[in-house]
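What follows is a set of notes on a single structure, which appears directly below.
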Number of protein chains: 2
Amino acid sequence: MRTGVTAAEALSVILDATPVLGAETLAARDALGRVLAETVVSGRRLPPSDNSAMDGYAVRAAECAGAGPDTPVVLDVAFEVAAGAAPERSLSPGESARIFTGAPIPPGADAVVRQEDTERDADRVRVRVAAAPGAHIRRAGEDVGIGDPVFEPGVRLGPAHLGMLASLGRSVVSVHQRPRVAILSGGDELVEPDGEITGGRIVSSNSYSIAAQCLELGAEPVYLGIARDTPEDLERHVRAGLRADVIVSSAGVSVGDHDHVRDVFEKVGCIFRFWGVKMKPGYPLAFGGLDDGGDRLVFGLPGNPVSAMMTFEQFVRPALRKMMGHRRLFRPTLRAVLLETLHKPAGRLHFVRVTLERRGDAVVARTTGNQSSGVLSSMTRAQGVLVFPAEDERLEQGTTATVQVVDEDFLSADGPGF
Amino acid sequence: MRTGVTAAEALSVILDATPVLGAETLAARDALGRVLAETVVSGRRLPPSDNSAMDGYAVRAAECAGAGPDTPVVLDVAFEVAAGAAPERSLSPGESARIFTGAPIPPGADAVVRQEDTERDADRVRVRVAAAPGAHIRRAGEDVGIGDPVFEPGVRLGPAHLGMLASLGRSVVSVHQRPRVAILSGGDELVEPDGEITGGRIVSSNSYSIAAQCLELGAEPVYLGIARDTPEDLERHVRAGLRADVIVSSAGVSVGDHDHVRDVFEKVGCIFRFWGVKMKPGYPLAFGGLDDGGDRLVFGLPGNPVSAMMTFEQFVRPALRKMMGHRRLFRPTLRAVLLETLHKPAGRLHFVRVTLERRGDAVVARTTGNQSSGVLSSMTRAQGVLVFPAEDERLEQGTTATVQVVDEDFLSADGPGF
């Protein structure tokens with residue numbers, strides 16, 4: 001097992017070991033946000049028949065070619081076609097048909113004149129604009145033809161896709177499965193939120209933040225509860241998580257004498273690929289897989305609240321997105337101007353929690369203050385994570401740095417753009 | 001009632017009429033993504049007591065002030081403090097205590113030396129670095145003190161917030177309610193996805209895309225089904241939606257003779273504020289409210305699939321976000337370079353569906369092709385909506401325009417930024 005790898009090496013090892021999960025067939029309306037695992041081929045034409053794009057009058061274009069505001073063409077209104085009704089007959093010369101949006105074009109007609117461009121007078125209509133053949137007609141199959149591939153595998157299903165699937169009559173759809181993520185907290189100091197926090201005990205908050213990190217990206221958390229710091233209790237909890245796709249432990253897989261976690265994982269068949277990443281917060285990260293051919297991943301995250309969230313953010317999140325079939329695995333990044341000078345020793349990459357602010361076309365960043373890995377409140381204020389490269393010792397005020405945007409609201413706009 | 005308002009006027013009327021919904025008290029772990037409706041005040045100190053940030057040895061800093069690689073200080077290892085255990089006694093001069101991450105600092109100690117900076121030899125330890133007072137100690141209340149306001153109203157609860165709430169022992173939290181949105185489709189041509197699409201009938205896809213648009217932003221859709229195009233059936237469906245916070249109809253509230261929707265809404269007490277927005281797609285948009293003092297909103301969306309989605313996107317989405325307590329109501333916008341020249345008549349603002357591509361620091365946009373409002377497939381390909389201002393007739397290839405980014409995946413990055 002390698003130790004002390006770089007963040008980039010860690011990410012590469014993890015993503016190489018991460019499978020894309022197989023398909024499941026879901027009711028289409030439950031598939032919002034999922035990634036398609038099949039090519040959706042249309043068995044229908046959309047629209048199903050030539051129909052009117054407007055409320056107005058179906059006409060023979062040639063008869064209205066010379067119509068204008070001062071040269072109206074007068075036609076009989078011979079019949080009416082409502083949406084959803086088959087036309088009762090074809091249009092003869094000199095005739096028009098009252099027609100409504102979505103209604104099928106009657107045989108003989110080849111254009112629609114908008115109601116606004118006409119004047120109705122009892123059973124006649126005065127057409128005040130010229131009509132070109134095909135005007136305001138939506139052609140059968142104009143959108144989709146029979147046998148057309150409509151969506152390719154890898155497409156993320158949004159609202160428009162669900163509308164299309166409904167139009168195609170598709171009630172089920174094949175998408176990539178969501179990973180189940182077993183979440184384990186270990187440590188004699190840990191209690192649930194309603195527990196007593198005297199005598200050095202603290203709340204097992206990592207389970208809650210990690211579960212929420214899973215939910216936010218669409219994975220399914222399975223919280224295994226708190227394991228006591230004995231090999232027996234740890235093993236019992238770990239075994240309860242072995243059916244999940246991913247096991248995330250936030251007991252310290254550190255060098256401490258009381259950390260039995262690594263031994264227990266190895267006992268149940270985990271082969272660790274690396275331990276320790278040259279980053280801060282979050283050095284004591286372990287990664288491995290279960291050796292049963294099931295491609296199941298094991299992440300041993302640090303116990304400190306910020307370190308646990310940050311290592312999840314940097315390594316577990318992209319792995320889970322890959323499992324779900326996503327192609328773009330990472331947070332939006334931008335270049336931000338630093339409002340303060342940052343220092344650190346060379347050797348480890350620092351992930352610095354920052355707040356962000358737009359100033360004209362630029363984005364400026366300042367740290368959230370206390371960067372201690374125990375200070376979870378700084379994580380709640382972080383809109384971005386600034387990448388302070390391993391080899392650098394100093395980032396000067398006024399220079400730019402890469403920032404991962406973790407607060408989606410920062411990207412939302414204050415106005416509509418019109 | 002005003003007719004033919006600008007898009008900006010329409011948005012202003014809608015948002016002025018839109019209430020922020022009241023509070024509900026939720027289990028904290030179900031509150032992910034919700035907007036806080038209370039100030040969360042801490043009843044605890046975080047961390048609850050002084051504790052070790054590392055695995056190592058608790059020492060008296062003064063005794064290790066001269067320690068270095070060549071001048072180690074040797075101390076007795078007098079006892080051990082595990083996480084979650086109260087220290088058994090205080091530290092005497094010449095002593096150290098083995099200590100683990102998260103364990104309380106024993107009385108008498110004022111610094112922690114990391115395990116990596118020591119050598120253990122039976123019941124003694126050689127300290128190889130100088131220890132400053134407070135080193136590697138997390139102070140009680142360093143993160144949060146008793147009575148501190150931790151989160152203000154209006155904060156969107158993310159994973160770190162849920163971790164903090166757990167740490168504070170908060171099991172419930174007050175957040176803004178999610179709007180229930182009654183969705184109504186009207187039209188004799190409409191069938192459900194499993195229906196027959198012969199004789200001019202089409203699938204009521206708007207209900208499915210609109211329901212998904214609601215779900216995507218966290219609102220709760222209530223699908224009322226398809227109303228036949230008679231006043232009686234429309235009224236029956238509309239009345240079934242009157243308990244919702246918002247009613248969204250995608251039957252045409254247009255000028256067509258067959259559109260009874262407006263009459264029915266007025267009969268049940270809706271006062272319309274405007275009809276018709278100078279935009280394309282989507283002119284026939286109506287907006288009003290129920291006159292019973294309940295602040296309930298009525299949106300009559302156009303029936304064309306793209307028009308329905310686009311008017312939802314531009315007007316219903318920001319209103320629903322306001323109801324949920326969000327402060328930033330709009331999609332991310334950016335300036336994109338046009339890869340083709342666009343034309344239109346002056347008078348209406350056009351929302352042009354575009355695909356987007358990064359080229360260096362710039363983003364380039366091209367249209368999705370057919371901009372017909374019946375072509376829903378173009379909406380599935382749209383990564384952005386380009387704003388073609390009402391007064392403009394031409395946007396030249398190579399110039400820049402404002403684009404609303406509707407595909408969140410476009411903002412996701414291909415790499416981690418390190």
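The way I read the labels, and the way they are meant: chains A, B, ... in the order of the structure tokens, residue 1 as the first residue of every chain, and ligand 1 as the first ligand shown, with later ones counted on from there.
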Residues at most 12 Å from stretch 334-336 of chain A, counting only C-alpha atoms, excluding those fewer than 5 positions away in the same chain, as a PDB file with C-alpha atoms, in the first residue's frame?
ATOM      1  CA  VAL A 354     -13.413  30.809   1.111  1.00  0.00           C
ATOM      2  CA  THR A 355     -16.349  33.138   0.667  1.00  0.00           C
ATOM      3  CA  LEU A 356     -16.851  34.555  -2.803  1.00  0.00           C
ATOM      4  CA  GLU A 357     -18.137  37.840  -4.117  1.00  0.00           C
ATOM      5  CA  ARG A 358     -18.664  39.179  -7.634  1.00  0.00           C
ATOM      6  CA  ARG A 359     -17.001  42.469  -8.438  1.00  0.00           C
ATOM      7  CA  ASP A 361     -16.561  40.554 -14.189  1.00  0.00           C
ATOM      8  CA  ALA A 362     -14.211  39.290 -11.496  1.00  0.00           C
ATOM      9  CA  VAL A 363     -14.819  37.062  -8.498  1.00  0.00           C
ATOM     10  CA  VAL A 364     -12.925  37.815  -5.289  1.00  0.00           C
ATOM     11  CA  ALA A 365     -12.228  35.317  -2.513  1.00  0.00           C
ATOM     12  CA  ARG A 366     -11.442  35.645   1.160  1.00  0.00           C
ATOM     13  CA  THR A 367     -10.961  32.860   3.692  1.00  0.00           C
ATOM     14  CA  GLN A 383     -18.970  29.148  -0.890  1.00  0.00           C
ATOM     15  CA  GLY A 384     -15.814  27.866  -2.477  1.00  0.00           C
ATOM     16  CA  VAL A 385     -12.738  25.737  -1.866  1.00  0.00           C
ATOM     17  CA  LEU A 386      -9.546  27.429  -2.969  1.00  0.00           C
ATOM     18  CA  VAL A 387      -6.785  25.181  -4.259  1.00  0.00           C
ATOM     19  CA  LEU A 395      -0.343  33.079  -2.532  1.00  0.00           C
ATOM     20  CA  GLN A 397      -3.130  39.151  -2.157  1.00  0.00           C
ATOM     21  CA  GLY A 398      -4.328  40.332  -5.579  1.00  0.00           C
ATOM     22  CA  THR A 399      -3.257  37.224  -7.475  1.00  0.00           C
ATOM     23  CA  THR A 400      -5.728  34.702  -8.825  1.00  0.00           C
ATOM     24  CA  ALA A 401      -6.247  31.114  -7.761  1.00  0.00           C
ATOM     25  CA  THR A 402      -8.523  28.235  -8.745  1.00  0.00           C
ATOM     26  CA  VAL A 403     -11.666  27.905  -6.644  1.00  0.00           C
ATOM     27  CA  GLN A 404     -14.121  25.013  -6.664  1.00  0.00           C
ATOM     28  CA  VAL A 405     -17.625  26.453  -6.215  1.00  0.00           C
ATOM     29  CA  VAL A 406     -19.438  24.354  -3.592  1.00  0.00           C
ATOM     30  CA  PHE A 410     -23.365  31.597  -5.539  1.00  0.00           C
ATOM     31  CA  LEU A 411     -23.830  30.777  -9.212  1.00  0.00           C
TER      32      LEU A 411
ATOM     33  CA  ASP B 361     -11.985  31.608 -21.241  1.00  0.00           C
ATOM     34  CA  LEU B 411     -21.208  24.371 -15.247  1.00  0.00           C
ATOM     35  CA  SER B 412     -19.695  21.183 -13.822  1.00  0.00           C
ATOM     36  CA  ALA B 413     -16.013  20.867 -14.513  1.00  0.00           C
ATOM     37  CA  GLY B 415     -11.345  18.207 -13.764  1.00  0.00           C
ATOM     38  CA  PRO B 416     -10.932  18.855 -10.056  1.00  0.00           C
ATOM     39  CA  GLY B 417      -8.901  22.063 -10.321  1.00  0.00           C
TER      40      GLY B 417
END
- Query: Tell me, which residues of stretch 120-191 of chain B carry DSSP alpha helix (DSSP H), written as a list in words?
  - Reply: Pro159, Ala160, His161, Leu162, Gly163, Met164, Leu165, Ala166 and Ser167 of chain B
May I have the residues within 9 Å of stretch 17-31 of chain A as a PDB file with N, CA and C atoms, in the first residue's frame, using only C-alpha atoms and disregarding those fewer than 5 positions away in the same chain?
ATOM      1  N   SER A  12      -6.797   9.810  -9.071  1.00  0.00           N
ATOM      2  CA  SER A  12      -6.609   8.928 -10.218  1.00  0.00           C
ATOM      3  C   SER A  12      -6.788   7.455  -9.813  1.00  0.00           C
ATOM      4  N   LEU A  36     -29.226   8.262 -18.330  1.00  0.00           N
ATOM      5  CA  LEU A  36     -29.782   7.228 -19.194  1.00  0.00           C
ATOM      6  C   LEU A  36     -28.758   6.128 -19.478  1.00  0.00           C
ATOM      7  N   ALA A  37     -29.220   4.878 -19.428  1.00  0.00           N
ATOM      8  CA  ALA A  37     -28.349   3.738 -19.702  1.00  0.00           C
ATOM      9  C   ALA A  37     -28.738   3.026 -21.000  1.00  0.00           C
ATOM     10  N   GLU A  38     -29.630   3.608 -21.768  1.00  0.00           N
ATOM     11  CA  GLU A  38     -30.067   3.007 -23.035  1.00  0.00           C
ATOM     12  C   GLU A  38     -30.200   4.107 -24.082  1.00  0.00           C
ATOM     13  N   LEU A 157     -31.393  13.032 -17.412  1.00  0.00           N
ATOM     14  CA  LEU A 157     -32.811  13.277 -17.697  1.00  0.00           C
ATOM     15  C   LEU A 157     -33.314  14.489 -16.906  1.00  0.00           C
ATOM     16  N   GLY A 158     -33.647  15.553 -17.625  1.00  0.00           N
ATOM     17  CA  GLY A 158     -34.230  16.749 -17.031  1.00  0.00           C
ATOM     18  C   GLY A 158     -35.713  16.822 -17.360  1.00  0.00           C
ATOM     19  N   LEU A 162     -38.270  14.266 -19.620  1.00  0.00           N
ATOM     20  CA  LEU A 162     -39.447  13.539 -19.118  1.00  0.00           C
ATOM     21  C   LEU A 162     -40.687  13.895 -19.941  1.00  0.00           C
ATOM     22  N   LEU A 165     -40.306  11.805 -23.081  1.00  0.00           N
ATOM     23  CA  LEU A 165     -40.619  10.391 -22.838  1.00  0.00           C
ATOM     24  C   LEU A 165     -42.131  10.195 -22.761  1.00  0.00           C
ATOM     25  N   ALA A 166     -42.823  11.142 -22.114  1.00  0.00           N
ATOM     26  CA  ALA A 166     -44.292  11.062 -22.067  1.00  0.00           C
ATOM     27  C   ALA A 166     -44.864  11.126 -23.480  1.00  0.00           C
ATOM     28  N   ARG A 170     -43.425   6.468 -23.524  1.00  0.00           N
ATOM     29  CA  ARG A 170     -42.523   5.623 -22.748  1.00  0.00           C
ATOM     30  C   ARG A 170     -42.839   5.762 -21.269  1.00  0.00           C
ATOM     31  N   SER A 171     -43.277   4.697 -20.651  1.00  0.00           N
ATOM     32  CA  SER A 171     -43.602   4.779 -19.229  1.00  0.00           C
ATOM     33  C   SER A 171     -42.434   4.346 -18.360  1.00  0.00           C
ATOM     34  N   VAL A 172     -41.504   3.590 -18.902  1.00  0.00           N
ATOM     35  CA  VAL A 172     -40.326   3.178 -18.129  1.00  0.00           C
ATOM     36  C   VAL A 172     -39.071   3.491 -18.934  1.00  0.00           C
ATOM     37  N   VAL A 173     -37.968   3.573 -18.237  1.00  0.00           N
ATOM     38  CA  VAL A 173     -36.732   3.962 -18.885  1.00  0.00           C
ATOM     39  C   VAL A 173     -35.565   3.339 -18.112  1.00  0.00           C
ATOM     40  N   SER A 174     -34.504   3.024 -18.837  1.00  0.00           N
ATOM     41  CA  SER A 174     -33.358   2.356 -18.224  1.00  0.00           C
ATOM     42  C   SER A 174     -32.297   3.393 -17.870  1.00  0.00           C
ATOM     43  N   VAL A 175     -31.974   3.456 -16.585  1.00  0.00           N
ATOM     44  CA  VAL A 175     -30.998   4.451 -16.102  1.00  0.00           C
ATOM     45  C   VAL A 175     -29.958   3.742 -15.230  1.00  0.00           C
ATOM     46  N   HIS A 176     -28.838   4.422 -15.018  1.00  0.00           N
ATOM     47  CA  HIS A 176     -27.833   3.862 -14.118  1.00  0.00           C
ATOM     48  C   HIS A 176     -28.341   3.873 -12.682  1.00  0.00           C
ATOM     49  N   GLN A 177     -27.992   2.809 -11.952  1.00  0.00           N
ATOM     50  CA  GLN A 177     -28.384   2.725 -10.550  1.00  0.00           C
ATOM     51  C   GLN A 177     -27.702   3.824  -9.724  1.00  0.00           C
ATOM     52  N   ARG A 178     -28.337   4.123  -8.607  1.00  0.00           N
ATOM     53  CA  ARG A 178     -27.726   5.030  -7.645  1.00  0.00           C
ATOM     54  C   ARG A 178     -26.923   4.208  -6.640  1.00  0.00           C
ATOM     55  N   PRO A 179     -25.719   4.636  -6.296  1.00  0.00           N
ATOM     56  CA  PRO A 179     -24.965   3.845  -5.313  1.00  0.00           C
ATOM     57  C   PRO A 179     -25.580   3.936  -3.919  1.00  0.00           C
ATOM     58  N   GLY A 288      -9.643   1.821  -0.516  1.00  0.00           N
ATOM     59  CA  GLY A 288      -9.422   0.455  -0.963  1.00  0.00           C
ATOM     60  C   GLY A 288     -10.681  -0.133  -1.549  1.00  0.00           C
ATOM     61  N   GLY A 289     -10.617  -1.431  -1.797  1.00  0.00           N
ATOM     62  CA  GLY A 289     -11.774  -2.119  -2.354  1.00  0.00           C
ATOM     63  C   GLY A 289     -11.896  -3.499  -1.742  1.00  0.00           C
ATOM     64  N   ASP A 295     -16.310  -4.939  -7.056  1.00  0.00           N
ATOM     65  CA  ASP A 295     -16.038  -3.534  -7.349  1.00  0.00           C
ATOM     66  C   ASP A 295     -16.524  -2.610  -6.242  1.00  0.00           C
ATOM     67  N   ARG A 296     -16.610  -3.099  -5.033  1.00  0.00           N
ATOM     68  CA  ARG A 296     -17.110  -2.231  -3.969  1.00  0.00           C
ATOM     69  C   ARG A 296     -15.972  -1.466  -3.324  1.00  0.00           C
ATOM     70  N   LEU A 297     -16.232  -0.215  -3.046  1.00  0.00           N
ATOM     71  CA  LEU A 297     -15.182   0.706  -2.630  1.00  0.00           C
ATOM     72  C   LEU A 297     -15.260   0.971  -1.136  1.00  0.00           C
ATOM     73  N   ALA A 319     -16.335  10.016  -7.319  1.00  0.00           N
ATOM     74  CA  ALA A 319     -16.487   8.561  -7.515  1.00  0.00           C
ATOM     75  C   ALA A 319     -17.975   8.197  -7.591  1.00  0.00           C
ATOM     76  N   LEU A 320     -18.791   8.766  -6.704  1.00  0.00           N
ATOM     77  CA  LEU A 320     -20.228   8.448  -6.722  1.00  0.00           C
ATOM     78  C   LEU A 320     -20.863   8.957  -8.009  1.00  0.00           C
ATOM     79  N   ARG A 321     -20.435  10.137  -8.465  1.00  0.00           N
ATOM     80  CA  ARG A 321     -20.988  10.647  -9.733  1.00  0.00           C
ATOM     81  C   ARG A 321     -20.607   9.724 -10.891  1.00  0.00           C
ATOM     82  N   LYS A 322     -19.366   9.224 -10.877  1.00  0.00           N
ATOM     83  CA  LYS A 322     -18.983   8.283 -11.934  1.00  0.00           C
ATOM     84  C   LYS A 322     -19.873   7.040 -11.880  1.00  0.00           C
ATOM     85  N   MET A 323     -20.105   6.518 -10.675  1.00  0.00           N
ATOM     86  CA  MET A 323     -20.947   5.321 -10.534  1.00  0.00           C
ATOM     87  C   MET A 323     -22.333   5.525 -11.141  1.00  0.00           C
ATOM     88  N   MET A 324     -22.860   6.745 -10.989  1.00  0.00           N
ATOM     89  CA  MET A 324     -24.216   7.047 -11.456  1.00  0.00           C
ATOM     90  C   MET A 324     -24.263   7.348 -12.945  1.00  0.00           C
ATOM     91  N   GLY A 325     -23.112   7.292 -13.614  1.00  0.00           N
ATOM     92  CA  GLY A 325     -23.097   7.458 -15.062  1.00  0.00           C
ATOM     93  C   GLY A 325     -22.805   8.876 -15.530  1.00  0.00           C
ATOM     94  N   HIS A 326     -22.577   9.791 -14.592  1.00  0.00           N
ATOM     95  CA  HIS A 326     -22.276  11.164 -15.010  1.00  0.00           C
ATOM     96  C   HIS A 326     -20.927  11.230 -15.716  1.00  0.00           C
TER      97      HIS A 326
ATOM     98  N   TYR B 208     -46.132  16.447 -17.499  1.00  0.00           N
ATOM     99  CA  TYR B 208     -44.958  15.709 -17.043  1.00  0.00           C
ATOM    100  C   TYR B 208     -43.731  16.600 -16.982  1.00  0.00           C
ATOM    101  N   ALA B 211     -44.392  19.069 -14.011  1.00  0.00           N
ATOM    102  CA  ALA B 211     -44.213  18.391 -12.710  1.00  0.00           C
ATOM    103  C   ALA B 211     -42.723  18.217 -12.418  1.00  0.00           C
ATOM    104  N   ALA B 212     -41.953  17.860 -13.453  1.00  0.00           N
ATOM    105  CA  ALA B 212     -40.519  17.667 -13.247  1.00  0.00           C
ATOM    106  C   ALA B 212     -39.826  19.004 -12.968  1.00  0.00           C
TER     107      ALA B 212
END
- Message: At a cut-off of 7 Å, using only C-alpha atoms, what residues contact stretch 109-125 of chain B? Leave out same-chain residues fewer than 3 positions from it and give the result as a list of chain:residue names.
- Response: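 Listing them by chain and then by number gives B:Ser52, B:Met54, B:Asp55, B:Gly56, B:Tyr57, B:Ala58, B:Val59, B:Arg60, B:Ala61, B:Val74, B:Leu75, B:Asp76, B:Val77, B:Leu91, B:Ile105, B:Pro106, B:Arg128, B:Val129, B:Ala131, B:Ala132, B:Pro133, B:Gly134, B:Ala135, B:His136, B:Ile137.
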Please produce an output containing C-alpha atoms for each residue in the selection, written as a compact mmCIF listing (two decimals), in the first residue's frame.
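Wrote result09.txt, looks like this:
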# COMPACT_ATOMS: atom_id res chain seq x y z
CA SER B 52 -6.62 17.05 21.15
CA MET B 54 -4.01 14.93 16.89
CA ASP B 55 -2.84 11.56 18.09
CA GLY B 56 0.21 12.20 20.28
CA TYR B 57 1.17 13.24 23.78
CA ALA B 58 -0.29 15.90 26.06
CA VAL B 59 2.57 17.86 27.65
CA ARG B 60 3.41 20.99 29.61
CA ALA B 61 4.61 23.30 26.85
CA VAL B 74 12.32 12.90 27.68
CA LEU B 75 9.06 12.65 29.63
CA ASP B 76 7.29 9.87 31.54
CA VAL B 77 4.13 8.56 29.90
CA LEU B 91 -0.43 15.91 34.57
CA ILE B 105 -6.87 17.56 27.49
CA PRO B 106 -5.99 16.51 31.04
CA ARG B 128 11.73 15.98 19.20
CA VAL B 129 10.00 19.34 18.53
CA ALA B 131 5.68 22.71 21.73
CA ALA B 132 4.03 26.13 21.98
CA PRO B 133 1.24 26.56 24.54
CA GLY B 134 -2.06 25.55 22.94
CA ALA B 135 -0.42 23.56 20.15
CA HIS B 136 -2.75 20.92 18.60
CA ILE B 137 -5.43 21.71 21.15
- Query: With distances taken over only C-alpha atoms, which of A:Glu189, A:Asp70, A:Glu313, A:Glu152 is nearest to chain B?
  - Reply: A:Glu189
- Please run DSSP on the backbone and report, as an MDAnalysis selection string, all residues within stretch 136-279 of chain B that come out as strand (DSSP E or B). chainID B and resid 137:138 144 149:151 156 172:176 180:186 190:191 202:203 220:227 246:249 270:277 279
Output N, CA and C atoms for every residue in that selection, as a compact mmCIF listing (two decimals), in the first residue's frame.
# COMPACT_ATOMS: atom_id res chain seq x y z
N ILE B 137 -4.27 21.80 20.26
CA ILE B 137 -5.43 21.71 21.15
C ILE B 137 -6.59 22.45 20.51
N ARG B 138 -7.75 21.81 20.41
CA ARG B 138 -8.97 22.49 20.00
C ARG B 138 -9.67 22.97 21.27
N VAL B 144 -18.12 27.38 18.35
CA VAL B 144 -19.40 28.00 18.70
C VAL B 144 -19.51 28.09 20.22
N PRO B 149 -25.55 33.06 17.83
CA PRO B 149 -26.41 32.79 16.68
C PRO B 149 -25.57 32.07 15.62
N VAL B 150 -25.99 30.89 15.28
CA VAL B 150 -25.17 30.06 14.39
C VAL B 150 -25.60 30.25 12.93
N PHE B 151 -26.90 30.22 12.68
CA PHE B 151 -27.40 30.44 11.32
C PHE B 151 -28.53 31.45 11.36
N ARG B 156 -29.66 28.68 3.25
CA ARG B 156 -30.04 27.40 2.64
C ARG B 156 -29.25 26.29 3.32
N VAL B 172 -34.90 19.17 15.29
CA VAL B 172 -35.88 19.78 14.39
C VAL B 172 -35.44 21.20 14.07
N VAL B 173 -35.98 21.71 12.98
CA VAL B 173 -35.57 23.03 12.53
C VAL B 173 -36.72 23.65 11.76
N SER B 174 -36.82 24.97 11.85
CA SER B 174 -37.92 25.68 11.20
C SER B 174 -37.47 26.21 9.84
N VAL B 175 -38.17 25.77 8.81
CA VAL B 175 -37.80 26.16 7.44
C VAL B 175 -39.04 26.64 6.70
N HIS B 176 -38.83 27.35 5.59
CA HIS B 176 -39.97 27.77 4.79
C HIS B 176 -40.62 26.56 4.13
N ARG B 180 -47.06 23.82 -2.87
CA ARG B 180 -47.75 22.77 -3.63
C ARG B 180 -48.27 23.40 -4.90
N VAL B 181 -47.99 22.77 -6.01
CA VAL B 181 -48.32 23.33 -7.31
C VAL B 181 -49.30 22.39 -8.01
N ALA B 182 -50.54 22.84 -8.14
CA ALA B 182 -51.54 22.04 -8.85
C ALA B 182 -51.34 22.24 -10.35
N ILE B 183 -51.24 21.13 -11.07
CA ILE B 183 -50.95 21.17 -12.50
C ILE B 183 -52.15 20.63 -13.27
N LEU B 184 -52.62 21.43 -14.17
CA LEU B 184 -53.84 21.12 -14.92
C LEU B 184 -53.54 21.18 -16.40
N SER B 185 -53.94 20.16 -17.12
CA SER B 185 -53.86 20.21 -18.58
C SER B 185 -55.27 20.22 -19.11
N GLY B 186 -55.52 21.05 -20.10
CA GLY B 186 -56.86 21.08 -20.65
C GLY B 186 -56.82 20.99 -22.16
N LEU B 190 -55.85 16.02 -25.79
CA LEU B 190 -54.81 15.47 -24.91
C LEU B 190 -55.16 14.09 -24.40
N VAL B 191 -54.15 13.22 -24.38
CA VAL B 191 -54.29 11.91 -23.74
C VAL B 191 -53.07 11.69 -22.86
N ILE B 202 -52.77 14.10 -28.98
CA ILE B 202 -51.36 14.11 -28.57
C ILE B 202 -51.28 13.87 -27.07
N VAL B 203 -50.07 13.46 -26.65
CA VAL B 203 -49.87 13.20 -25.22
C VAL B 203 -49.79 14.52 -24.47
N GLU B 220 -43.66 20.96 -4.80
CA GLU B 220 -44.38 19.69 -4.74
C GLU B 220 -45.51 19.70 -5.76
N PRO B 221 -45.37 18.97 -6.88
CA PRO B 221 -46.42 18.98 -7.88
C PRO B 221 -47.61 18.12 -7.48
N VAL B 222 -48.79 18.60 -7.82
CA VAL B 222 -50.04 17.84 -7.65
C VAL B 222 -50.70 17.84 -9.02
N TYR B 223 -50.64 16.69 -9.69
CA TYR B 223 -51.14 16.63 -11.06
C TYR B 223 -52.63 16.36 -11.05
N LEU B 224 -53.39 17.27 -11.60
CA LEU B 224 -54.86 17.18 -11.55
C LEU B 224 -55.44 16.39 -12.73
N GLY B 225 -54.60 16.01 -13.67
CA GLY B 225 -55.11 15.26 -14.81
C GLY B 225 -55.56 16.18 -15.94
N ILE B 226 -56.17 15.55 -16.93
CA ILE B 226 -56.56 16.26 -18.14
C ILE B 226 -58.03 16.66 -18.05
N ALA B 227 -58.30 17.94 -18.24
CA ALA B 227 -59.70 18.39 -18.30
C ALA B 227 -60.15 18.41 -19.75
N VAL B 246 -50.24 27.24 -5.66
CA VAL B 246 -50.11 27.76 -7.01
C VAL B 246 -50.88 26.83 -7.94
N ILE B 247 -51.61 27.40 -8.88
CA ILE B 247 -52.25 26.57 -9.91
C ILE B 247 -51.59 26.92 -11.23
N VAL B 248 -51.12 25.89 -11.92
CA VAL B 248 -50.50 26.08 -13.22
C VAL B 248 -51.32 25.31 -14.24
N SER B 249 -51.91 26.06 -15.16
CA SER B 249 -52.67 25.42 -16.21
C SER B 249 -51.87 25.51 -17.49
N CYS B 270 -60.57 33.97 -9.55
CA CYS B 270 -59.25 34.46 -9.96
C CYS B 270 -59.37 35.84 -10.59
N ILE B 271 -58.53 36.74 -10.13
CA ILE B 271 -58.43 38.05 -10.78
C ILE B 271 -57.14 38.06 -11.57
N PHE B 272 -57.28 38.16 -12.89
CA PHE B 272 -56.08 38.14 -13.73
C PHE B 272 -55.43 39.52 -13.73
N ARG B 273 -54.10 39.53 -13.64
CA ARG B 273 -53.34 40.78 -13.61
C ARG B 273 -52.84 41.17 -14.99
N PHE B 274 -52.49 40.15 -15.78
CA PHE B 274 -52.15 40.45 -17.17
C PHE B 274 -52.41 39.22 -18.02
N TRP B 275 -52.55 39.48 -19.32
CA TRP B 275 -52.63 38.39 -20.29
C TRP B 275 -51.75 38.79 -21.48
N GLY B 276 -50.84 37.91 -21.85
CA GLY B 276 -50.01 38.16 -23.01
C GLY B 276 -48.71 38.85 -22.63
N VAL B 277 -47.60 38.21 -22.97
CA VAL B 277 -46.27 38.78 -22.71
C VAL B 277 -45.55 38.87 -24.04
N MET B 279 -43.11 38.14 -25.76
CA MET B 279 -41.97 37.23 -25.80
C MET B 279 -42.30 36.09 -26.76
- A:Asn304, A:Thr230, A:Thr368, A:Ser167 ranked by distance to chain B, top pick (using only C-alpha atoms):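 Ranked by minimum distance to chain B, first place goes to A:Ser167.
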- Got a sec: who's within 10 Å of A:Ile146, counting only C-alpha atoms, leaving out chain neighbours fewer than 4 positions off, as JSON, numbers by chain? {"A": [41, 42, 43, 44, 45, 46, 141, 150, 168]}
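The space between atom CA of A:Gly294 and atom CA of A:Gly33 spans 25.6 Å.
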